[in-house]
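**Q** The structure file query_37.txt (compact mmCIF, C-alpha atoms) is provided below.
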# COMPACT_ATOMS: atom_id res chain seq x y z
CA MET A 691 57.12 47.33 86.94
CA MET A 692 58.28 45.04 84.14
CA GLY A 693 57.66 41.91 86.20
CA ASN A 694 54.11 42.99 86.98
CA ALA A 695 53.50 43.84 83.33
CA VAL A 696 54.73 40.43 82.14
CA ALA A 697 52.61 38.70 84.78
CA ALA A 698 49.55 40.64 83.63
CA GLU A 699 50.12 39.70 80.00
CA TRP A 700 50.61 36.07 81.00
CA ARG A 701 47.29 36.11 82.80
CA LYS A 702 45.63 37.57 79.71
CA LEU A 703 46.98 34.74 77.54
CA ARG A 704 45.77 32.12 79.99
CA SER A 705 42.33 33.64 80.33
CA VAL A 706 41.27 33.72 76.67
CA ARG A 707 39.87 30.75 74.77
CA PRO A 708 41.83 31.24 71.49
CA THR A 709 45.08 30.43 73.32
CA TYR A 710 43.81 26.96 74.15
CA TRP A 711 42.37 26.38 70.69
CA ILE A 712 45.67 27.36 69.08
CA MET A 713 47.62 25.05 71.38
CA ALA A 714 45.17 22.24 70.67
CA VAL A 715 45.71 22.63 66.92
CA THR A 716 49.48 22.85 67.36
CA PHE A 717 49.80 19.65 69.34
CA GLY A 718 46.98 17.98 67.43
CA PHE A 719 49.03 18.34 64.26
CA LEU A 720 51.90 16.63 66.06
CA LEU A 721 49.63 13.59 66.38
CA ILE A 722 48.95 13.77 62.64
CA VAL A 723 52.70 13.76 61.97
CA LEU A 724 53.11 10.63 64.08
CA LEU A 725 50.32 8.93 62.16
CA LEU A 726 51.99 9.92 58.89
CA ALA A 727 55.25 8.48 60.21
CA LEU A 728 53.44 5.21 60.87
CA GLN A 729 52.17 5.25 57.30
CA SER A 730 55.69 6.03 56.03
CA ALA A 731 57.00 3.03 57.95
CA HIS A 732 54.47 0.77 56.24
CA VAL A 733 55.36 2.23 52.85
CA TRP A 734 59.08 1.72 53.56
CA ASP A 735 58.44 -1.95 54.33
CA GLY A 736 57.05 -2.49 50.84
CA LEU A 737 59.84 -0.73 48.91
CA SER A 738 62.78 -2.26 47.13
CA ALA A 739 66.30 -1.62 48.41
CA GLU A 740 66.86 0.97 45.67
CA ARG A 741 63.71 2.88 46.54
CA ARG A 742 64.49 2.74 50.26
CA ALA A 743 67.77 4.52 49.58
CA GLU A 744 65.77 7.51 48.32
CA PHE A 745 63.07 7.58 51.02
CA GLN A 746 63.72 10.36 53.55
CA LEU A 747 61.90 10.93 56.84
CA ARG A 748 63.25 14.31 57.91
CA PRO A 749 60.84 16.44 55.82
CA LEU A 750 58.00 14.83 57.75
CA GLN A 751 59.79 15.38 61.07
CA GLU A 752 60.01 19.12 60.33
CA LEU A 753 56.35 19.47 59.35
CA ALA A 754 54.98 19.87 62.89
CA GLY A 755 57.37 22.74 63.63
CA TRP A 756 56.44 24.41 60.36
CA VAL A 757 52.75 24.33 61.25
CA ALA A 758 53.52 25.43 64.83
CA SER A 759 55.17 28.55 63.40
CA LEU A 760 51.88 29.58 61.80
CA CYS A 761 49.78 28.66 64.84
CA LEU A 762 51.91 30.65 67.28
CA ALA A 763 52.11 33.56 64.82
CA ILE A 764 48.30 33.61 64.96
CA LEU A 765 48.53 33.70 68.75
CA GLY A 766 50.89 36.66 68.49
CA VAL A 767 48.49 38.50 66.20
CA LEU A 768 45.42 37.83 68.36
CA SER A 769 47.22 38.82 71.55
CA VAL A 770 47.10 42.43 70.40
CA THR A 771 44.43 42.77 67.69
CA SER A 772 41.79 41.35 70.04
CA GLU A 773 42.51 44.24 72.39
CA TYR A 774 42.19 46.77 69.59
CA ARG A 775 38.91 45.17 68.51
CA THR A 776 37.37 45.25 72.00
CA GLY A 777 38.91 48.52 73.14
CA MET A 778 40.85 46.77 75.91
CA ILE A 779 44.05 48.31 74.58
CA ARG A 780 43.03 51.58 76.27
CA THR A 781 42.71 49.78 79.58
CA SER A 782 46.12 48.18 79.07
CA ILE A 783 47.71 51.52 78.32
CA THR A 784 46.02 53.09 81.32
CA ALA A 785 47.39 50.33 83.54
CA ILE A 786 50.85 50.52 81.94
CA PRO A 787 51.33 54.06 80.56
CA ALA A 788 54.83 53.26 79.31
CA ARG A 789 53.82 51.82 75.97
CA ARG A 790 57.19 50.31 75.16
CA THR A 791 57.08 48.49 78.49
CA LEU A 792 53.64 47.17 77.56
CA LEU A 793 54.92 45.90 74.21
CA VAL A 794 57.98 44.28 75.78
CA ALA A 795 55.74 42.57 78.34
CA LYS A 796 53.48 41.24 75.58
CA ALA A 797 56.50 40.07 73.61
CA ALA A 798 57.95 38.31 76.67
CA ALA A 799 54.71 36.46 77.42
CA VAL A 800 53.98 35.48 73.82
CA GLY A 801 57.61 34.64 73.07
CA ALA A 802 57.98 32.41 76.12
CA VAL A 803 54.81 30.46 75.31
CA ALA A 804 55.88 30.11 71.67
CA LEU A 805 59.40 28.99 72.60
CA VAL A 806 58.15 26.26 74.93
CA ALA A 807 55.51 25.10 72.44
CA GLY A 808 57.91 25.25 69.50
CA GLU A 809 60.63 23.24 71.23
CA ALA A 810 58.12 20.71 72.55
CA VAL A 811 56.56 20.16 69.13
CA THR A 812 59.83 19.91 67.19
CA VAL A 813 61.54 17.63 69.70
CA CYS A 814 58.47 15.41 70.14
CA SER A 815 58.10 15.21 66.37
CA PHE A 816 61.69 14.04 66.02
CA LEU A 817 61.65 11.58 68.90
CA GLY A 818 58.12 10.37 68.17
CA THR A 819 58.80 9.60 64.51
CA ARG A 820 62.01 7.82 65.47
CA LEU A 821 60.02 5.69 67.89
CA VAL A 822 57.32 4.96 65.32
CA VAL A 823 59.71 3.84 62.54
CA GLY A 824 61.71 1.72 64.97
CA ASP A 825 64.84 0.09 63.55
CA ARG A 826 63.99 0.78 59.91
CA GLN A 827 67.10 2.21 58.26
CA PHE A 828 65.77 5.36 56.60
CA ILE A 829 68.59 6.96 54.62
CA ASP A 830 68.51 10.19 56.67
CA GLN A 831 67.97 8.57 60.08
CA LYS A 832 71.22 6.64 60.51
CA ALA A 833 72.81 9.19 62.84
CA SER A 834 72.23 8.82 66.57
CA ILE A 835 69.50 10.70 68.40
CA ALA A 836 72.13 12.62 70.37
CA HIS A 837 73.69 13.77 67.09
CA GLU A 838 70.42 14.85 65.48
CA LEU A 839 68.65 16.37 68.50
CA PRO A 840 70.57 19.71 68.58
CA SER A 841 69.45 20.61 65.06
CA PHE A 842 65.81 20.04 66.03
CA LEU A 843 66.27 22.18 69.14
CA VAL A 844 67.54 24.93 66.85
CA SER A 845 64.55 24.40 64.53
CA GLY A 846 62.21 25.12 67.43
CA THR A 847 63.56 28.65 67.75
CA VAL A 848 61.83 29.77 64.55
CA VAL A 849 58.43 29.32 66.24
CA PRO A 850 58.81 32.20 68.76
CA VAL A 851 60.23 34.34 65.97
CA PHE A 852 57.00 33.93 64.01
CA ALA A 853 54.99 34.59 67.18
CA LEU A 854 56.82 37.88 67.75
CA LEU A 855 56.48 38.77 64.07
CA GLY A 856 52.73 38.23 64.38
CA LEU A 857 52.63 40.39 67.50
CA ALA A 858 54.52 43.20 65.79
CA LEU A 859 52.29 43.06 62.71
CA GLY A 860 49.23 43.19 64.96
CA VAL A 861 50.49 46.41 66.52
CA LEU A 862 51.47 47.93 63.18
CA LEU A 863 48.31 47.03 61.25
CA ARG A 864 45.74 46.84 64.10
CA SER A 865 43.83 44.41 61.88
CA THR A 866 43.49 40.70 62.50
CA ALA A 867 42.82 39.90 58.84
CA GLY A 868 45.62 42.09 57.53
CA SER A 869 48.12 40.75 60.03
CA LEU A 870 47.21 37.13 59.34
CA VAL A 871 47.50 37.63 55.58
CA SER A 872 50.93 39.21 56.09
CA VAL A 873 52.07 36.35 58.34
CA VAL A 874 50.92 33.70 55.85
CA PHE A 875 52.70 35.58 53.08
CA VAL A 876 56.02 35.46 54.95
CA TRP A 877 55.43 31.92 56.22
CA HIS A 878 54.49 30.18 52.98
CA VAL A 879 53.89 32.39 49.95
CA LEU A 880 57.15 34.35 49.85
CA PRO A 881 59.41 31.24 49.88
CA LEU A 882 57.46 29.86 46.91
CA LEU A 883 57.91 33.12 45.02
CA VAL A 884 61.65 33.58 45.55
CA ILE A 885 62.52 30.18 44.05
CA HIS A 886 61.31 31.52 40.70
CA LEU A 887 63.80 34.39 40.71
CA PRO A 888 66.72 34.14 38.27
CA GLN A 889 70.00 32.82 39.61
CA PRO A 890 71.93 33.73 41.69
CA TRP A 891 69.15 35.81 43.30
CA SER A 892 66.98 32.77 43.86
CA ASP A 893 69.55 31.05 46.10
CA ARG A 894 70.39 34.30 47.87
CA ALA A 895 66.78 35.14 48.64
CA ALA A 896 65.92 31.56 49.56
CA SER A 897 68.78 31.53 52.06
CA VAL A 898 67.28 34.37 54.11
CA MET A 899 63.75 32.96 54.31
CA PRO A 900 62.75 32.14 57.92
CA GLY A 901 62.33 28.44 57.15
CA ALA A 902 65.86 28.25 55.76
CA LEU A 903 67.60 29.72 58.78
CA PRO A 904 67.45 26.87 61.34
CA ARG A 905 69.21 24.45 58.99
CA GLN A 906 71.94 26.99 58.29
CA MET A 907 72.26 27.75 62.01
CA SER A 908 72.93 24.02 62.50
CA GLY A 909 75.36 23.91 59.59
CA LEU A 910 73.12 21.65 57.49
CA SER A 911 72.70 21.83 53.72
CA ALA A 912 69.44 22.65 51.96
CA GLU A 913 69.51 19.53 49.80
CA ASN A 914 66.03 18.46 48.64
CA SER A 915 64.60 21.76 49.88
CA ILE A 916 63.23 24.91 48.31
CA TYR A 917 65.53 26.93 50.57
CA GLY A 918 69.12 28.05 50.14
CA ASP A 919 72.13 27.50 52.37
CA LEU A 920 74.51 30.37 51.62
CA LEU A 921 74.71 31.82 55.16
CA SER A 922 77.11 30.91 57.94
CA PRO A 923 75.58 29.75 61.25
CA GLY A 924 76.32 33.12 62.84
CA MET A 925 74.83 35.11 59.98
CA ALA A 926 71.75 32.86 59.89
CA THR A 927 71.24 33.46 63.62
CA ALA A 928 71.50 37.22 63.11
CA VAL A 929 68.94 37.16 60.30
CA LEU A 930 66.54 35.05 62.37
CA LEU A 931 66.76 37.53 65.26
CA ALA A 932 66.21 40.40 62.83
CA TYR A 933 62.89 38.86 61.72
CA ALA A 934 61.62 39.36 65.27
CA LEU A 935 63.50 42.42 66.52
CA VAL A 936 63.17 44.75 63.52
CA PRO A 937 59.33 44.48 63.32
CA LEU A 938 59.12 44.80 67.13
CA ALA A 939 61.25 47.95 67.02
CA ALA A 940 58.96 49.38 64.34
CA ALA A 941 55.91 48.41 66.42
CA ALA A 942 57.39 50.10 69.51
CA PHE A 943 58.01 53.28 67.51
CA VAL A 944 54.46 53.35 66.12
CA LEU A 945 52.78 52.37 69.39
CA ALA A 946 54.48 55.20 71.27
CA ARG A 947 53.39 57.83 68.76
CA ARG A 948 49.84 57.16 67.74
CA ASP A 949 46.52 57.09 69.55
CA ALA A 950 45.24 53.83 70.94
When written as structure tokens, how does the structure in this file appear?
**A**
Amino acid sequence: MMGNAVAAEWRKLRSVRPTYWIMAVTFGFLLIVLLLALQSAHVWDGLSAERRAEFQLRPLQELAGWVASLCLAILGVLSVTSEYRTGMIRTSITAIPARRTLLVAKAAAVGAVALVAGEAVTVCSFLGTRLVVGDRQFIDQKASIAHELPSFLVSGTVVPVFALLGLALGVLLRSTAGSLVSVVFVWHVLPLLVIHLPQPWSDRAASVMPGALPRQMSGLSAENSIYGDLLSPGMATAVLLAYALVPLAAAAFVLARRDA
């Protein structure tokens, strides 16, 4: 039953045009990052030794994954709100009466696509920018690729979390606009708000923002970042999972108890 449900949801994702547009934007932005890396390399060439010591590349390397989080969150939202808008949700529930099974199948399909896309974008962003800058000794690029790659693999895990958050919000709100506004709030607006809280609440709140968690999971500091770094790797992993699982649990509860 579950296998058939997941296969059906996978076919739905493949059959709708927004999936391909979202993927095109996601990987298209990766190309933009590589072009920006090329520009950064030219800028680095013209800097003095003192200025080169302050020029970091990693913020640019993380940009593609940050944008991918929003793009795949939109995919998560549309995977369910489009069915509410067209009335197809009734057909889905008729085909799979167990509503929690239906939600799990949607989450599996969306999460798998987001995980593959997120890892591909983050890893290609890291490797591609390294290739573009060549042997230029950026201050934060002196470690080997083998040493740096695991942290970028961890960074890719935040993309499926945002996709599942978008899916859960779509079920809870049944509104594309409302869900997208909520996703953007968590993705970008909330981190900008918490940094204005008084200390120590600013660091505490900034440490549990989704964008802060991958670095803490890898044991990295939040230097030169708006985020905090107060969590252990294990605690950061637990918080990241909670961003996906708690909204999905709420969505499962609501979906099972209200009319389609």
**Q** Name the residues in contact with region 896-913 of chain A at a cut-off of 8 Å, using all atoms listed in the file, excluding same-chain residues fewer than 3 positions from it; report them as an NGL selection string.
**A** :A and (756 or 840-841 or 844-845 or 847-848 or 877 or 881 or 884-885 or 892-893 or 916-924 or 926-927 or 929-930 or 933)
**Q** Near region 691-701 of chain A, within 10 Å and counting all atoms listed in the file, which residues show up once chain neighbours fewer than 6 positions away are dropped, as a compact mmCIF listing (two decimals) with C-alpha atoms, keeping the file's coordinate frame?
**A**
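Okay, part30.txt is ready:
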# COMPACT_ATOMS: atom_id res chain seq x y z
CA SER A 769 47.22 38.82 71.55
CA SER A 782 46.12 48.18 79.07
CA ALA A 785 47.39 50.33 83.54
CA ILE A 786 50.85 50.52 81.94
CA ALA A 788 54.83 53.26 79.31
CA THR A 791 57.08 48.49 78.49
CA LEU A 792 53.64 47.17 77.56
CA LEU A 793 54.92 45.90 74.21
CA VAL A 794 57.98 44.28 75.78
CA ALA A 795 55.74 42.57 78.34
CA LYS A 796 53.48 41.24 75.58
CA ALA A 797 56.50 40.07 73.61
CA ALA A 798 57.95 38.31 76.67
CA ALA A 799 54.71 36.46 77.42
CA VAL A 800 53.98 35.48 73.82
CA ALA A 802 57.98 32.41 76.12
CA VAL A 803 54.81 30.46 75.31
**Q** Check the smallest atom-to-atom distance from each of A:Val873, A:Ile829, A:Leu821, A:Val879 to Phe745 (chain A) using only C-alpha atoms, then report the winner.
**A** A:Ile829
**Q** Let me make sure I understand: among A:Phe852, A:Asp830, A:Val811, A:Tyr710, which one has the smallest atom-to-atom distance to Glu744 (chain A) if we use all atoms listed in the file?
**A** A:Asp830
**Q** Hey, which of A:Gly824, A:Leu762, A:Val813, A:Tyr774 ends up closest to Ala836 (chain A)? Count only C-alpha atoms.
**A**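 The answer is A:Val813, which sits nearest to Ala836 (chain A).
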**Q** Do you know which residues lie at most 12 Å from (70.5, 4.7, 52.7), with coordinates as in the file and only C-alpha atoms counted, and could you write them as a ChimeraX atom specification?
**A** /A:734,738-747,826-833
**Q** For each of A:Leu863, A:Val944, A:Leu843, A:Leu935, take the minimum atom-to-atom distance to Glu752 (chain A), counting all atoms listed in the file, then give the residue where this is smallest.
**A** A:Leu843
**Q** Kindly indicate which residue among A:Ser834, A:Ser872, A:Ser915, A:Thr812 lies nearest to Gln751 (chain A), using all atoms listed in the file for the distances.
**A**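 The shortest atom-to-atom distance to Gln751 (chain A) comes from A:Thr812.
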**Q** Which of these, A:Ile835, A:Ser759, A:Gly736, A:Leu857, has the shortest distance to Gly818 (chain A) once you count only C-alpha atoms?
**A** A:Ile835
**Q** Between CA of Leu768 (chain A) and CA of Ser869 (chain A), what distance in Å does the model show, to one decimal?
**A**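 Separating CA of Leu768 (chain A) from CA of Ser869 (chain A) is a distance of 9.2 Å.
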**Q** Find the spatial neighbours of Pro937 (chain A), counting only C-alpha atoms, within a cut-off of 10 Å - ignore same-chain residues fewer than 5 positions away - and output them as a list in words.
**A**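 Returned residues: Leu854, Leu855, Gly856, Leu857, Ala858, Leu859, Val861, Leu862, Ala932, Ala942 and Phe943 of chain A.
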**Q** So for region 830-848 of chain A, what box centre and size do we get, axis-aligned, 4 Å extra on each of the six sides, every listed atom, Å to one decimal, as lines of an AutoDock Vina configuration file?
**A**
center_x = 67.8
center_y = 18.2
center_z = 63.5
size_x = 19.9
size_y = 31.1
size_z = 21.7
